[in-house]
Structure formats: structure tokens, C-alpha cells
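K.L.:
First the structure, which I've put down as C-alpha cells, then a few questions once you've had a look.
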Amino acid sequence: QVHLGESGGGLVQSGGSLTLSCTASGSIPGFNVMGWYRQAPGKEREMVATATNGGWKNYADSVKGRFTISRESGWNTVYLQMNNLKPEDTAVYYCSLYAGATNYWGQGTQVTVSS
């Protein structure tokens, strides 16, 4: 059983910054991918950024240069540093862990960017 605990969402003005964090607990296979997805009202859930425990990272084009994903050396905590936030970044952000052919999700944290 894997559990993902998220924190760090909130309300911020356009141009501001927020940092999201997520810690995974439980039995986690050796190779895994942790990341962040988001879902805005009326839209599909989309990938924001992912990182393997081997150091490979991937970003959505819409956040490149503004968001940075990082993982702690123990590999079960992932952060998303979000800079220069825009109103279109407003969404519920979900932490994700993919391991052993199974995708696990956190409960989601709301990020609201006011203009």
C-alpha cells in the first residue's frame, strides 16, 4: 500500500511563487516516477512535471522555465517550485507516483492564481 501526502497549495497573485511538496510512504518499488499533474475546472487532467529516481525530468511546455521539479536524495519526496505563476495555472494539483505498473495519486491541493 502506497500513500501520498501533499502540501503547499494556496492563493497567490499573478507573478508570485509557491512550492508544493509530496511524500510517499509504504512499499515503493526500486524504480519509480514521481510527479505532478493538474486539473482545472472543465478540463482534463494534464501532466505538469515528472522525475524518475534516476534523475530524468520532464516538463509540460506551458511550465518550462517557470516550474522546477526536484526529489530528495531518499527519493520518496518530490517538490514542485512554481515561479512566475499565471492565472491559467489555477487548478487542483495532484502528486503522482508510478511504480510497478501502478499509478498512485494524492488527494490533490488547490492552487489559485489571481490576476
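Going through the C-alpha cells in order, the chains are called A, B, and so on, while each chain numbers its residues from 1 and the ligands are numbered from 1 in the order shown.
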Show which residues sit within 12 Å of Ile69 of chain A, as a PyMOL selection string. Count only C-alpha atoms, and ignore same-chain residues fewer than 2 positions away.
P.N.:
chain A and resi 19-22+33-37+48-53+55-60+63-67+71-72+77-83+95
K.L.:
Give me the residues near segment 4-14 of chain A as a PyMOL selection string, where near means some atom within 9 Å (using only C-alpha atoms) and where sequence neighbours in that chain fewer than 4 positions away do not count.
P.N.:
chain A and resi 18-25+84-87+92-97+104-115
K.L.:
With C-alpha atoms kept, could you save the residues just selected as a short mmCIF file (atom, residue, chain, number, x, y, z; two decimals), in the first residue's frame?
P.N.:
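What ended up in again-v3.cif:
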```
data_model
loop_
_atom_site.label_atom_id
_atom_site.label_comp_id
_atom_site.auth_asym_id
_atom_site.auth_seq_id
_atom_site.Cartn_x
_atom_site.Cartn_y
_atom_site.Cartn_z
CA LEU A 18 4.51 28.62 -4.47
CA THR A 19 6.21 25.34 -3.59
CA LEU A 20 4.31 22.07 -3.47
CA SER A 21 5.66 19.02 -1.66
CA CYS A 22 4.64 15.39 -1.64
CA THR A 23 5.93 12.49 0.42
CA ALA A 24 5.28 8.88 -0.46
CA SER A 25 5.09 6.22 2.22
CA ASN A 84 6.01 33.50 -12.18
CA LEU A 85 2.59 31.95 -11.67
CA LYS A 86 -0.17 32.89 -14.08
CA PRO A 87 -3.97 32.78 -13.71
CA VAL A 92 -6.04 21.25 -8.37
CA TYR A 93 -2.53 19.81 -8.35
CA TYR A 94 -2.13 16.08 -7.79
CA CYS A 95 1.00 14.25 -6.74
CA SER A 96 1.61 11.05 -8.66
CA LEU A 97 3.78 8.01 -8.13
CA TYR A 104 -0.92 6.17 -7.27
CA TRP A 105 -2.45 9.59 -6.62
CA GLY A 106 -2.51 12.08 -3.80
CA GLN A 107 -5.69 13.79 -2.66
CA GLY A 108 -4.88 17.00 -4.52
CA THR A 109 -4.07 20.53 -3.40
CA GLN A 110 -5.69 23.69 -4.76
CA VAL A 111 -3.54 26.36 -6.38
CA THR A 112 -5.31 29.62 -7.22
CA VAL A 113 -3.57 32.46 -9.03
CA SER A 114 -5.35 35.81 -9.03
CA SER A 115 -4.82 38.37 -11.78
#
```
K.L.:
Can you measure atom CA of Gln39 of chain A to atom CA of Asp61 of chain A for me? One decimal in Å is fine.
P.N.:
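Separation between atom CA of Gln39 of chain A and atom CA of Asp61 of chain A: 15.8 Å.
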K.L.:
Pick out the closest residue to Glu46 of chain A from this set: A:Ala101, A:His3, A:Ser62, A:Gly16. Count only C-alpha atoms.
P.N.:
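When distances to Glu46 of chain A are compared using only C-alpha atoms, the smallest one comes from A:Ser62.
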K.L.:
At what distance in Å, to one decimal, does atom CA of Gly30 of chain A lie from atom CA of Thr68 of chain A?
P.N.:
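That distance, rounded to one decimal, is 23.2 Å.
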K.L.:
Using only C-alpha atoms for the distances, tell me which of A:Ser27, A:Ser17, A:Asn32, A:Asn76 is nearest to Asn103 of chain A.
P.N.:
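Between A:Ser27, A:Ser17, A:Asn32, A:Asn76, the residue approaching Asn103 of chain A most closely is A:Asn32.
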K.L.:
Write out as a PyMOL selection string all residues of segment 17-106 of chain A that backbone DSSP assigns to strand (DSSP E).
P.N.:
chain A and resi 18-26+33-39+46-52+57-59+67-71+77-82+91-99+102-105
K.L.:
Quote the spacing between atom CA of Pro29 of chain A and atom CA of Tyr98 of chain A in Å to one decimal place.
P.N.:
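So the two atoms, atom CA of Pro29 of chain A and atom CA of Tyr98 of chain A, lie 9.4 Å apart.
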